[in-house]
$ cat input-v2.cif   # mmCIF, C-alpha atoms and all ligand atoms
data_coords
loop_
_atom_site.label_atom_id
_atom_site.label_comp_id
_atom_site.auth_asym_id
_atom_site.auth_seq_id
_atom_site.Cartn_x
_atom_site.Cartn_y
_atom_site.Cartn_z
CA MET E 212 -25.29 -20.22 -7.85
CA ARG E 213 -24.78 -23.89 -7.08
CA VAL E 214 -23.86 -25.59 -3.81
CA ALA E 215 -21.75 -28.76 -3.61
CA HIS E 216 -21.71 -30.78 -0.39
CA THR E 217 -19.16 -33.41 -1.34
CA THR E 218 -15.75 -33.44 -3.00
CA ALA E 219 -17.06 -35.63 -5.84
CA GLU E 220 -19.94 -33.24 -6.52
CA MET E 221 -17.63 -30.20 -6.48
CA ARG E 222 -15.18 -31.88 -8.86
CA ARG E 223 -17.96 -32.96 -11.20
CA GLN E 224 -19.50 -29.49 -11.37
CA LEU E 225 -16.18 -27.76 -12.03
CA LYS E 226 -15.15 -30.33 -14.62
CA THR E 227 -18.03 -29.43 -16.90
CA LEU E 228 -17.48 -25.68 -16.52
CA ARG E 229 -13.70 -25.29 -16.29
CA GLY E 230 -12.88 -25.28 -20.02
CA ASN E 231 -10.87 -22.15 -20.73
CA ASN E 232 -12.44 -20.30 -17.80
CA THR E 233 -10.27 -19.00 -14.97
CA ILE E 234 -11.27 -19.81 -11.40
CA ALA E 235 -10.81 -17.64 -8.29
CA PHE E 236 -11.24 -19.34 -4.95
CA VAL E 237 -12.12 -17.81 -1.56
CA PRO E 238 -11.72 -20.20 1.39
CA THR E 239 -13.79 -19.27 4.47
CA MET E 240 -15.23 -20.77 7.63
CA GLY E 241 -18.58 -19.09 6.96
CA CYS E 242 -20.48 -16.64 9.17
CA LEU E 243 -19.72 -14.19 6.40
CA HIS E 244 -19.34 -10.42 6.80
CA ASP E 245 -18.15 -7.55 4.63
CA GLY E 246 -14.52 -8.66 5.02
CA HIS E 247 -15.36 -11.91 3.22
CA ILE E 248 -17.44 -10.02 0.66
CA SER E 249 -14.43 -7.86 -0.25
CA LEU E 250 -12.47 -11.07 -1.00
CA ILE E 251 -15.36 -12.24 -3.20
CA LYS E 252 -15.39 -8.90 -5.05
CA GLU E 253 -11.65 -9.26 -5.69
CA ALA E 254 -12.24 -12.82 -6.92
CA LYS E 255 -14.95 -11.64 -9.31
CA ALA E 256 -12.66 -8.95 -10.70
CA LEU E 257 -9.94 -11.54 -11.35
CA ALA E 258 -11.60 -14.59 -12.80
CA ASP E 259 -14.52 -16.00 -14.78
CA ILE E 260 -15.73 -18.38 -12.08
CA VAL E 261 -15.81 -17.69 -8.31
CA VAL E 262 -15.85 -20.55 -5.82
CA VAL E 263 -16.31 -19.92 -2.08
CA SER E 264 -15.74 -22.72 0.40
CA ILE E 265 -17.52 -22.73 3.75
CA TYR E 266 -15.93 -25.23 6.07
CA VAL E 267 -15.12 -25.05 9.78
CA ASN E 268 -11.90 -27.02 9.71
CA PRO E 269 -11.53 -29.12 12.89
CA LEU E 270 -7.82 -29.62 12.24
CA GLN E 271 -7.00 -25.98 12.93
CA PHE E 272 -8.75 -25.76 16.31
CA GLY E 273 -7.02 -26.55 19.61
CA PRO E 274 -8.67 -28.77 22.24
CA ASN E 275 -10.06 -25.83 24.28
CA GLU E 276 -11.04 -23.62 21.37
CA ASP E 277 -14.42 -22.74 19.87
CA LEU E 278 -14.83 -25.50 17.24
CA GLU E 279 -18.22 -26.61 18.62
CA THR E 280 -19.64 -23.13 19.14
CA TYR E 281 -18.26 -21.50 15.97
CA PRO E 282 -21.32 -19.89 14.30
CA ARG E 283 -22.62 -21.72 11.20
CA PRO E 284 -25.47 -19.62 9.71
CA PHE E 285 -25.38 -21.41 6.36
CA GLU E 286 -28.66 -20.09 4.87
CA ARG E 287 -27.63 -16.50 5.53
CA ASP E 288 -24.12 -17.14 4.15
CA ALA E 289 -25.58 -18.68 0.98
CA GLN E 290 -27.80 -15.66 0.49
CA MET E 291 -24.83 -13.29 0.88
CA CYS E 292 -22.83 -15.34 -1.64
CA GLU E 293 -25.73 -15.29 -4.09
CA GLU E 294 -26.03 -11.51 -3.77
CA ALA E 295 -22.26 -11.09 -4.22
CA GLY E 296 -22.37 -13.07 -7.47
CA VAL E 297 -20.62 -16.26 -6.33
CA ASP E 298 -20.91 -19.13 -8.82
CA PHE E 299 -20.26 -22.09 -6.50
CA ILE E 300 -20.31 -22.70 -2.78
CA PHE E 301 -18.35 -25.72 -1.64
CA HIS E 302 -19.86 -26.72 1.71
CA PRO E 303 -18.49 -30.15 2.55
CA THR E 304 -19.63 -32.10 5.60
CA SER E 305 -16.08 -33.31 6.12
CA LEU E 306 -12.82 -33.26 4.21
CA TYR E 307 -11.03 -35.99 6.17
CA PRO E 308 -11.29 -39.77 6.42
CA LYS E 309 -13.53 -40.93 9.32
CA SER E 310 -10.52 -42.13 11.31
CA GLY E 311 -8.80 -38.75 10.83
CA PRO E 312 -6.02 -37.89 8.38
CA LYS E 313 -2.83 -39.95 8.61
CA VAL E 314 -0.83 -37.57 6.42
CA THR E 315 -0.80 -33.82 7.06
CA LEU E 316 1.34 -30.81 6.17
CA LYS E 317 3.49 -28.85 8.57
CA ALA E 318 4.10 -25.10 8.47
CA THR E 319 7.53 -24.84 10.01
CA LYS E 320 9.48 -21.60 10.41
CA LEU E 321 6.80 -18.97 9.87
CA SER E 322 4.46 -20.62 12.35
CA ASP E 323 6.72 -20.55 15.41
CA CYS E 324 5.67 -17.05 16.48
CA LEU E 325 2.56 -14.85 16.96
CA CYS E 326 -0.61 -17.02 16.62
CA GLY E 327 1.55 -20.09 16.04
CA SER E 328 2.94 -19.84 19.60
CA ASP E 329 -0.49 -19.36 21.17
CA ARG E 330 -2.24 -21.97 19.03
CA PRO E 331 0.12 -24.94 18.60
CA GLY E 332 -0.72 -26.95 15.47
CA HIS E 333 -3.13 -24.28 14.18
CA PHE E 334 -1.18 -23.45 11.03
CA ASP E 335 -0.50 -27.13 10.30
CA GLY E 336 -4.28 -27.53 10.21
CA VAL E 337 -4.59 -24.46 7.98
CA VAL E 338 -2.00 -25.51 5.40
CA THR E 339 -3.39 -29.04 5.33
CA VAL E 340 -6.98 -27.95 4.65
CA VAL E 341 -5.97 -25.24 2.17
CA ASN E 342 -4.00 -27.86 0.24
CA ILE E 343 -6.95 -30.23 0.20
CA LEU E 344 -9.20 -27.41 -1.01
CA PHE E 345 -6.66 -26.37 -3.65
CA ASN E 346 -6.51 -29.98 -4.89
CA ILE E 347 -10.30 -30.14 -5.20
CA ILE E 348 -10.95 -26.71 -6.73
CA ARG E 349 -7.67 -26.32 -8.68
CA PRO E 350 -8.11 -22.53 -8.91
CA ASP E 351 -5.96 -20.05 -10.82
CA PHE E 352 -6.22 -17.51 -7.98
CA ALA E 353 -6.85 -17.88 -4.26
CA ILE E 354 -7.89 -14.85 -2.23
CA PHE E 355 -7.01 -14.35 1.45
CA GLY E 356 -7.50 -11.46 3.86
CA GLU E 357 -4.66 -9.49 5.40
CA LYS E 358 -6.66 -9.71 8.63
CA ASP E 359 -4.92 -13.09 9.08
CA TRP E 360 -1.55 -11.75 7.99
CA GLN E 361 0.49 -14.66 9.36
CA GLN E 362 -1.81 -17.13 7.58
CA LEU E 363 -1.36 -15.19 4.33
CA ALA E 364 2.45 -15.17 4.74
CA ILE E 365 2.43 -18.94 5.38
CA ILE E 366 0.16 -19.68 2.39
CA ARG E 367 2.43 -17.59 0.15
CA ARG E 368 5.41 -19.66 1.34
CA MET E 369 3.44 -22.85 0.93
CA VAL E 370 2.70 -22.27 -2.77
CA ASN E 371 6.30 -21.18 -3.26
CA ASP E 372 7.93 -24.08 -1.41
CA LEU E 373 5.56 -26.78 -2.70
CA GLN E 374 5.46 -25.28 -6.22
CA ILE E 375 1.69 -25.02 -6.34
CA PRO E 376 0.62 -23.17 -9.52
CA ILE E 377 -1.89 -20.82 -7.88
CA GLU E 378 -1.55 -17.05 -7.55
CA ILE E 379 -2.17 -15.90 -3.99
CA ILE E 380 -3.89 -12.53 -3.62
CA GLY E 381 -4.03 -10.59 -0.32
CA VAL E 382 -6.88 -8.17 0.38
CA ASN E 383 -6.89 -5.23 2.83
CA ILE E 384 -8.59 -5.58 6.19
CA VAL E 385 -12.20 -4.41 6.23
CA ARG E 386 -13.09 -2.55 9.42
CA GLU E 387 -16.22 -1.31 11.15
CA ALA E 388 -16.68 2.49 11.05
CA ASP E 389 -15.05 2.76 14.50
CA GLY E 390 -11.94 0.81 13.45
CA LEU E 391 -12.70 -2.68 14.79
CA ALA E 392 -11.49 -5.27 12.28
CA MET E 393 -14.46 -7.30 11.06
CA SER E 394 -14.41 -10.90 12.28
CA SER E 395 -16.90 -13.73 12.59
CA ARG E 396 -15.84 -13.92 16.25
CA ASN E 397 -17.03 -10.32 16.90
CA ARG E 398 -20.43 -11.99 17.43
CA TYR E 399 -19.13 -13.27 20.75
CA LEU E 400 -18.60 -9.70 22.04
CA SER E 401 -21.01 -8.06 24.51
CA GLU E 402 -21.56 -4.30 24.17
CA THR E 403 -18.91 -3.70 26.86
CA ASP E 404 -16.46 -6.12 25.19
CA ARG E 405 -17.12 -4.37 21.88
CA GLN E 406 -16.05 -0.99 23.35
CA GLN E 407 -12.99 -2.58 24.97
CA ALA E 408 -12.02 -4.23 21.68
CA LEU E 409 -11.59 -0.83 20.02
CA ALA E 410 -8.31 -0.48 21.89
CA LEU E 411 -6.71 -3.03 19.53
CA SER E 412 -6.99 -0.87 16.41
CA GLN E 413 -6.35 2.28 18.45
CA ALA E 414 -3.09 0.81 19.78
CA LEU E 415 -2.00 -0.12 16.24
CA ILE E 416 -2.83 3.36 14.96
CA ALA E 417 -0.78 4.89 17.80
CA MET E 418 2.22 2.83 16.63
CA GLN E 419 1.64 3.88 13.02
CA THR E 420 1.45 7.54 14.00
CA LEU E 421 4.67 7.43 16.02
CA ALA E 422 6.48 5.57 13.21
CA ALA E 423 5.32 8.17 10.68
CA GLN E 424 6.71 10.85 13.01
CA GLY E 425 10.14 9.25 12.85
CA GLU E 426 10.17 6.91 15.86
CA ASN E 427 11.97 3.72 14.90
CA ASN E 428 12.59 2.10 18.26
CA ILE E 429 10.17 -0.79 18.49
CA GLU E 430 10.17 -0.88 22.30
CA THR E 431 9.00 2.76 22.28
CA LEU E 432 6.25 1.96 19.78
CA LYS E 433 5.14 -1.03 21.81
CA ALA E 434 5.10 1.02 25.03
CA ALA E 435 2.73 3.54 23.40
CA ALA E 436 0.43 0.74 22.26
CA GLN E 437 0.61 -0.97 25.63
CA GLU E 438 -0.51 2.20 27.39
CA ILE E 439 -3.73 2.24 25.32
CA LEU E 440 -4.34 -1.47 25.86
CA THR E 441 -3.71 -1.26 29.60
CA ALA E 442 -6.10 1.73 29.89
CA ALA E 443 -8.76 -0.46 28.20
CA ASN E 444 -7.96 -3.28 30.63
CA ILE E 445 -6.79 -5.58 27.84
CA THR E 446 -4.21 -8.27 28.45
CA THR E 447 -2.58 -9.17 25.16
CA GLN E 448 -1.49 -12.62 24.04
CA TYR E 449 1.07 -10.82 21.94
CA LEU E 450 1.97 -7.30 20.89
CA ASP E 451 4.77 -7.43 18.38
CA VAL E 452 6.44 -5.81 15.38
CA ARG E 453 7.95 -8.06 12.74
CA ASN E 454 9.26 -8.11 9.21
CA ALA E 455 6.10 -8.29 7.08
CA THR E 456 7.32 -11.19 4.92
CA SER E 457 9.75 -13.25 6.98
CA LEU E 458 7.89 -12.49 10.25
CA LYS E 459 11.31 -12.17 11.91
CA SER E 460 11.51 -10.04 15.06
CA LYS E 461 12.86 -6.52 14.74
CA ARG E 462 14.36 -4.04 17.19
CA LYS E 463 14.24 -1.00 14.92
CA LEU E 464 12.08 -0.03 11.98
CA ASN E 465 14.06 0.30 8.76
CA HIS E 466 13.47 0.40 5.00
CA LEU E 467 12.20 -3.21 5.04
CA SER E 468 8.44 -3.43 5.43
CA SER E 469 7.28 -3.95 8.98
CA ARG E 470 3.98 -4.90 10.47
CA ALA E 471 2.56 -4.53 13.99
CA PHE E 472 0.49 -7.41 15.37
CA ILE E 473 -1.85 -7.78 18.35
CA ALA E 474 -3.82 -10.71 19.72
CA ALA E 475 -5.98 -10.48 22.83
CA GLN E 476 -8.78 -12.29 24.55
CA VAL E 477 -11.72 -9.88 24.90
CA GLY E 478 -14.66 -11.45 26.72
CA SER E 479 -15.04 -14.87 25.13
CA ALA E 480 -13.50 -13.83 21.79
CA ARG E 481 -9.87 -14.17 20.82
CA LEU E 482 -9.28 -11.18 18.55
CA ILE E 483 -6.36 -10.45 16.22
CA ASP E 484 -5.45 -7.34 14.27
CA ASN E 485 -2.44 -5.94 12.41
CA MET E 486 -1.31 -2.85 10.52
CA PRO E 487 1.69 -1.85 8.40
CA LEU E 488 4.26 0.48 9.96
CA THR E 489 5.89 2.95 7.64
CA TYR E 490 8.95 4.51 9.17
CA THR E 491 9.62 8.06 7.99
CA PRO E 492 13.18 9.04 8.93
CA LEU E 493 13.32 12.61 10.22
CA GLU E 494 14.97 15.18 7.93
CA PRO E 495 18.32 16.20 9.44
CA THR E 496 18.08 19.77 10.78
CA SER E 497 20.71 22.11 9.33
P1 LIG E 501 -12.41 -16.99 8.11
O1 LIG E 501 -13.79 -17.26 7.65
O2 LIG E 501 -12.35 -16.22 9.39
O3 LIG E 501 -11.53 -18.22 8.11
O4 LIG E 501 -11.78 -16.02 7.03
C1 LIG E 501 -11.79 -16.36 5.68
C2 LIG E 501 -10.97 -15.34 4.93
O5 LIG E 501 -11.54 -14.05 5.12
C3 LIG E 501 -9.51 -15.26 5.41
O6 LIG E 501 -8.66 -15.12 4.29
C4 LIG E 501 -9.52 -14.03 6.27
O7 LIG E 501 -8.27 -13.39 6.36
C5 LIG E 501 -10.52 -13.16 5.53
N1 LIG E 501 -11.04 -12.12 6.41
C6 LIG E 501 -11.62 -12.29 7.63
N2 LIG E 501 -11.93 -11.10 8.18
C7 LIG E 501 -11.54 -10.16 7.30
C8 LIG E 501 -11.57 -8.73 7.28
N3 LIG E 501 -12.07 -8.03 8.30
N4 LIG E 501 -11.07 -8.08 6.21
C9 LIG E 501 -10.56 -8.78 5.16
N5 LIG E 501 -10.49 -10.13 5.11
C10 LIG E 501 -10.98 -10.81 6.17
#
$ encode --input "input-v2.cif" --output "structure tokens"
Amino acid sequence: MRVAHTTAEMRRQLKTLRGNNTIAFVPTMGCLHDGHISLIKEAKALADIVVVSIYVNPLQFGPNEDLETYPRPFERDAQMCEEAGVDFIFHPTSLYPKSGPKVTLKATKLSDCLCGSDRPGHFDGVVTVVNILFNIIRPDFAIFGEKDWQQLAIIRRMVNDLQIPIEIIGVNIVREADGLAMSSRNRYLSETDRQQALALSQALIAMQTLAAQGENNIETLKAAAQEILTAANITTQYLDVRNATSLKSKRKLNHLSSRAFIAAQVGSARLIDNMPLTYTPLEPTS
């Protein structure tokens, strides 16, 4: 495994190896866990060369967010990548000019809800950095987690709208045994916070169960989830059900695929989670 710390070095290394090889790319902010490793496994199954980037992108953090304190255990991350069979780590010091970028991308429609409402400018930072990384790595495949469903939906639109010739692959959320979605920010949770945080996946499962039983009224689903969250003393930033692709609001579940989303501050961690809702219409009784 090789590590490149600058764009020039990364480009040079890939130039000599690219040839007819396919490249799968996994962008991360480091502090790797099994969720990231499942993306790497998918990348290895898809392509000849796997590149993982580790970069805490300042452009996607708001002024009062955790940019400074975001964990950066690089040695441990590198060891995990090595064990997972990664070929290259791209670990740049910075990806922007010293005076800051003067040209950036904007994620319009899909970013005006969910995390986009709570974190203004966040997805503009994401699409800008992912574009820069795509331009440096020029992969055939890029792998993203469904944990950040809205990000995945926006990236899919980005490659579509900007005609970027990269196949975007989404990978299922990896969870702890008790249901908590793995996240680098779970490190911020105390033992009490950790117990409280379980209510997020439990609330989503309650919505899934009701939907599978034939409940299609989204207010009813949300009320069931809210009850679990309130009992755990969790105040949500959002609790919502939307069309899985367009992210448009819905009032009833229907044949179009729907997804339930939650974001909440638990202790000092802002946590997000989501699950698909499959509505099973009840058989008419004769
Ligand atoms: P991050 O390092 O948090 O920016 O995440 C890098 C990539 O890993 C993103 O595509 C995330 O969606 C994905 N990811 C993070 N947590 C998980 C998880 N628990 N399961 C699957 N993918 C994840």
$ closest_residue --input "input-v2.cif" --among "E:Glu294, E:Asp245, E:Asp484, E:Glu253" --to "Ala353 (chain E)" --atoms "all atoms listed in the file"
E:Glu253
$ residues_near_ligand --input "input-v2.cif" --ligand "ligand LIG 501 (chain E)" --cutoff "9 Å" --atoms "only C-alpha atoms and all ligand atoms" --output "PyMOL selection string"
chain E and resi 237-250+265-268+354-360+362-363+381-387+391-396+484
$ atom_distance --input "input-v2.cif" --atom1 "CA of Gly311 (chain E)" --atom2 "CA of Asp277 (chain E)"
19.2 Å
$ residues_around --input "input-v2.cif" --residues "region 222-233 of chain E" --least-positions-apart "3" --cutoff "8 Å" --atoms "all atoms listed in the file" --output "MDAnalysis selection string"
chainID E and resid 218:219 258:260 347:348 350:351
$ atom_distance --input "input-v2.cif" --atom1 "CA of Ala474 (chain E)" --atom2 "CA of Leu421 (chain E)"
20.4 Å
$ residues_near_point --input "input-v2.cif" --point "(-1.8, 7.8, 13.8)" --cutoff "12 Å" --atoms "only C-alpha atoms" --output "number ranges by chain"
E: 412-424, 432, 435-436, 486-489
$ residues_near_point --input "input-v2.cif" --point "(12.8, -20.3, 8.0)" --cutoff "10 Å" --atoms "only C-alpha atoms" --output "PyMOL selection string"
chain E and resi 318-323+368+457-459
$ write_last_selection --input "input-v2.cif" --atoms "C-alpha atoms" --output "mmCIF file, in the coordinates of the input"
data_model
loop_
_atom_site.group_PDB
_atom_site.id
_atom_site.type_symbol
_atom_site.label_atom_id
_atom_site.label_comp_id
_atom_site.auth_asym_id
_atom_site.auth_seq_id
_atom_site.Cartn_x
_atom_site.Cartn_y
_atom_site.Cartn_z
ATOM 1 C CA ALA E 318 4.100 -25.100 8.470
ATOM 2 C CA THR E 319 7.530 -24.840 10.010
ATOM 3 C CA LYS E 320 9.480 -21.600 10.410
ATOM 4 C CA LEU E 321 6.800 -18.970 9.870
ATOM 5 C CA SER E 322 4.460 -20.620 12.350
ATOM 6 C CA ASP E 323 6.720 -20.550 15.410
ATOM 7 C CA ARG E 368 5.410 -19.660 1.340
ATOM 8 C CA SER E 457 9.750 -13.250 6.980
ATOM 9 C CA LEU E 458 7.890 -12.490 10.250
ATOM 10 C CA LYS E 459 11.310 -12.170 11.910
#
$ closest_residue --input "input-v2.cif" --among "E:Gly478, E:Pro274, E:Pro282, E:Gly336" --to "Asp404 (chain E)" --atoms "only C-alpha atoms"
E:Gly478
$ atom_distance --input "input-v2.cif" --atom1 "CA of Glu430 (chain E)" --atom2 "CA of Phe472 (chain E)"
13.6 Å
$ residues_around --input "input-v2.cif" --residues "region 298-308 of chain E" --least-positions-apart "5" --cutoff "9 Å" --atoms "all atoms listed in the file" --output "mmCIF file with C-alpha atoms, keeping the file's coordinate frame"
data_model
loop_
_atom_site.group_PDB
_atom_site.id
_atom_site.type_symbol
_atom_site.label_atom_id
_atom_site.label_comp_id
_atom_site.auth_asym_id
_atom_site.auth_seq_id
_atom_site.Cartn_x
_atom_site.Cartn_y
_atom_site.Cartn_z
ATOM 1 C CA MET E 212 -25.290 -20.220 -7.850
ATOM 2 C CA ARG E 213 -24.780 -23.890 -7.080
ATOM 3 C CA VAL E 214 -23.860 -25.590 -3.810
ATOM 4 C CA ALA E 215 -21.750 -28.760 -3.610
ATOM 5 C CA HIS E 216 -21.710 -30.780 -0.390
ATOM 6 C CA THR E 217 -19.160 -33.410 -1.340
ATOM 7 C CA THR E 218 -15.750 -33.440 -3.000
ATOM 8 C CA MET E 221 -17.630 -30.200 -6.480
ATOM 9 C CA GLN E 224 -19.500 -29.490 -11.370
ATOM 10 C CA LEU E 225 -16.180 -27.760 -12.030
ATOM 11 C CA ILE E 260 -15.730 -18.380 -12.080
ATOM 12 C CA VAL E 261 -15.810 -17.690 -8.310
ATOM 13 C CA VAL E 262 -15.850 -20.550 -5.820
ATOM 14 C CA VAL E 263 -16.310 -19.920 -2.080
ATOM 15 C CA SER E 264 -15.740 -22.720 0.400
ATOM 16 C CA ILE E 265 -17.520 -22.730 3.750
ATOM 17 C CA TYR E 266 -15.930 -25.230 6.070
ATOM 18 C CA ASN E 268 -11.900 -27.020 9.710
ATOM 19 C CA PHE E 285 -25.380 -21.410 6.360
ATOM 20 C CA ALA E 289 -25.580 -18.680 0.980
ATOM 21 C CA CYS E 292 -22.830 -15.340 -1.640
ATOM 22 C CA GLU E 293 -25.730 -15.290 -4.090
ATOM 23 C CA LYS E 313 -2.830 -39.950 8.610
ATOM 24 C CA VAL E 340 -6.980 -27.950 4.650
ATOM 25 C CA ILE E 343 -6.950 -30.230 0.200
ATOM 26 C CA LEU E 344 -9.200 -27.410 -1.010
#
$ build_atoms --input "input-v2.cif" --residues "region 362-390 of chain E" --atoms "N, CA and C atoms" --output "PDB file, in the coordinates of the input"
ATOM      1  N   GLN E 362      -1.261 -16.068   8.446  1.00  0.00           N
ATOM      2  CA  GLN E 362      -1.810 -17.130   7.580  1.00  0.00           C
ATOM      3  C   GLN E 362      -1.460 -16.842   6.116  1.00  0.00           C
ATOM      4  N   LEU E 363      -1.646 -15.578   5.710  1.00  0.00           N
ATOM      5  CA  LEU E 363      -1.360 -15.190   4.330  1.00  0.00           C
ATOM      6  C   LEU E 363       0.131 -15.403   4.018  1.00  0.00           C
ATOM      7  N   ALA E 364       0.999 -15.006   4.947  1.00  0.00           N
ATOM      8  CA  ALA E 364       2.450 -15.170   4.740  1.00  0.00           C
ATOM      9  C   ALA E 364       2.795 -16.660   4.610  1.00  0.00           C
ATOM     10  N   ILE E 365       2.152 -17.491   5.417  1.00  0.00           N
ATOM     11  CA  ILE E 365       2.430 -18.940   5.380  1.00  0.00           C
ATOM     12  C   ILE E 365       1.908 -19.554   4.074  1.00  0.00           C
ATOM     13  N   ILE E 366       0.725 -19.141   3.646  1.00  0.00           N
ATOM     14  CA  ILE E 366       0.160 -19.680   2.390  1.00  0.00           C
ATOM     15  C   ILE E 366       1.052 -19.265   1.210  1.00  0.00           C
ATOM     16  N   ARG E 367       1.536 -18.035   1.231  1.00  0.00           N
ATOM     17  CA  ARG E 367       2.430 -17.590   0.150  1.00  0.00           C
ATOM     18  C   ARG E 367       3.679 -18.477   0.107  1.00  0.00           C
ATOM     19  N   ARG E 368       4.231 -18.774   1.294  1.00  0.00           N
ATOM     20  CA  ARG E 368       5.410 -19.660   1.340  1.00  0.00           C
ATOM     21  C   ARG E 368       5.055 -21.067   0.905  1.00  0.00           C
ATOM     22  N   MET E 369       3.864 -21.491   1.276  1.00  0.00           N
ATOM     23  CA  MET E 369       3.440 -22.850   0.930  1.00  0.00           C
ATOM     24  C   MET E 369       3.406 -23.023  -0.596  1.00  0.00           C
ATOM     25  N   VAL E 370       2.772 -22.090  -1.312  1.00  0.00           N
ATOM     26  CA  VAL E 370       2.700 -22.270  -2.770  1.00  0.00           C
ATOM     27  C   VAL E 370       4.078 -22.128  -3.395  1.00  0.00           C
ATOM     28  N   ASN E 371       4.923 -21.318  -2.762  1.00  0.00           N
ATOM     29  CA  ASN E 371       6.300 -21.180  -3.260  1.00  0.00           C
ATOM     30  C   ASN E 371       7.071 -22.478  -3.018  1.00  0.00           C
ATOM     31  N   ASP E 372       7.080 -22.938  -1.781  1.00  0.00           N
ATOM     32  CA  ASP E 372       7.930 -24.080  -1.410  1.00  0.00           C
ATOM     33  C   ASP E 372       7.439 -25.385  -2.031  1.00  0.00           C
ATOM     34  N   LEU E 373       6.105 -25.530  -2.151  1.00  0.00           N
ATOM     35  CA  LEU E 373       5.560 -26.780  -2.700  1.00  0.00           C
ATOM     36  C   LEU E 373       5.256 -26.658  -4.198  1.00  0.00           C
ATOM     37  N   GLN E 374       5.639 -25.509  -4.779  1.00  0.00           N
ATOM     38  CA  GLN E 374       5.460 -25.280  -6.220  1.00  0.00           C
ATOM     39  C   GLN E 374       4.032 -25.545  -6.683  1.00  0.00           C
ATOM     40  N   ILE E 375       3.110 -24.885  -5.993  1.00  0.00           N
ATOM     41  CA  ILE E 375       1.690 -25.020  -6.340  1.00  0.00           C
ATOM     42  C   ILE E 375       1.352 -23.886  -7.323  1.00  0.00           C
ATOM     43  N   PRO E 376       0.812 -24.211  -8.500  1.00  0.00           N
ATOM     44  CA  PRO E 376       0.620 -23.170  -9.520  1.00  0.00           C
ATOM     45  C   PRO E 376      -0.656 -22.349  -9.321  1.00  0.00           C
ATOM     46  N   ILE E 377      -0.714 -21.655  -8.187  1.00  0.00           N
ATOM     47  CA  ILE E 377      -1.890 -20.820  -7.880  1.00  0.00           C
ATOM     48  C   ILE E 377      -1.374 -19.459  -7.424  1.00  0.00           C
ATOM     49  N   GLU E 378      -1.975 -18.389  -7.954  1.00  0.00           N
ATOM     50  CA  GLU E 378      -1.550 -17.050  -7.550  1.00  0.00           C
ATOM     51  C   GLU E 378      -2.307 -16.653  -6.274  1.00  0.00           C
ATOM     52  N   ILE E 379      -1.553 -16.272  -5.262  1.00  0.00           N
ATOM     53  CA  ILE E 379      -2.170 -15.900  -3.990  1.00  0.00           C
ATOM     54  C   ILE E 379      -2.342 -14.381  -3.932  1.00  0.00           C
ATOM     55  N   ILE E 380      -3.574 -13.955  -3.645  1.00  0.00           N
ATOM     56  CA  ILE E 380      -3.890 -12.530  -3.620  1.00  0.00           C
ATOM     57  C   ILE E 380      -4.287 -12.143  -2.181  1.00  0.00           C
ATOM     58  N   GLY E 381      -3.670 -11.109  -1.658  1.00  0.00           N
ATOM     59  CA  GLY E 381      -4.030 -10.590  -0.320  1.00  0.00           C
ATOM     60  C   GLY E 381      -4.936  -9.379  -0.457  1.00  0.00           C
ATOM     61  N   VAL E 382      -5.911  -9.287   0.427  1.00  0.00           N
ATOM     62  CA  VAL E 382      -6.880  -8.170   0.380  1.00  0.00           C
ATOM     63  C   VAL E 382      -6.864  -7.426   1.718  1.00  0.00           C
ATOM     64  N   ASN E 383      -6.927  -6.088   1.625  1.00  0.00           N
ATOM     65  CA  ASN E 383      -6.890  -5.230   2.830  1.00  0.00           C
ATOM     66  C   ASN E 383      -7.931  -5.629   3.869  1.00  0.00           C
ATOM     67  N   ILE E 384      -7.639  -5.295   5.103  1.00  0.00           N
ATOM     68  CA  ILE E 384      -8.590  -5.580   6.190  1.00  0.00           C
ATOM     69  C   ILE E 384      -9.797  -4.645   6.075  1.00  0.00           C
ATOM     70  N   VAL E 385     -10.984  -5.221   6.185  1.00  0.00           N
ATOM     71  CA  VAL E 385     -12.200  -4.410   6.230  1.00  0.00           C
ATOM     72  C   VAL E 385     -12.562  -4.186   7.697  1.00  0.00           C
ATOM     73  N   ARG E 386     -12.829  -2.915   8.032  1.00  0.00           N
ATOM     74  CA  ARG E 386     -13.090  -2.550   9.420  1.00  0.00           C
ATOM     75  C   ARG E 386     -14.484  -1.968   9.593  1.00  0.00           C
ATOM     76  N   GLU E 387     -14.999  -2.032  10.815  1.00  0.00           N
ATOM     77  CA  GLU E 387     -16.220  -1.310  11.150  1.00  0.00           C
ATOM     78  C   GLU E 387     -15.875   0.182  11.136  1.00  0.00           C
ATOM     79  N   ALA E 388     -16.909   1.040  11.128  1.00  0.00           N
ATOM     80  CA  ALA E 388     -16.680   2.490  11.050  1.00  0.00           C
ATOM     81  C   ALA E 388     -15.773   2.966  12.197  1.00  0.00           C
ATOM     82  N   ASP E 389     -15.859   2.315  13.356  1.00  0.00           N
ATOM     83  CA  ASP E 389     -15.050   2.760  14.500  1.00  0.00           C
ATOM     84  C   ASP E 389     -13.669   2.108  14.544  1.00  0.00           C
ATOM     85  N   GLY E 390     -13.307   1.346  13.536  1.00  0.00           N
ATOM     86  CA  GLY E 390     -11.940   0.810  13.450  1.00  0.00           C
ATOM     87  C   GLY E 390     -11.807  -0.667  13.791  1.00  0.00           C
TER      88      GLY E 390
END
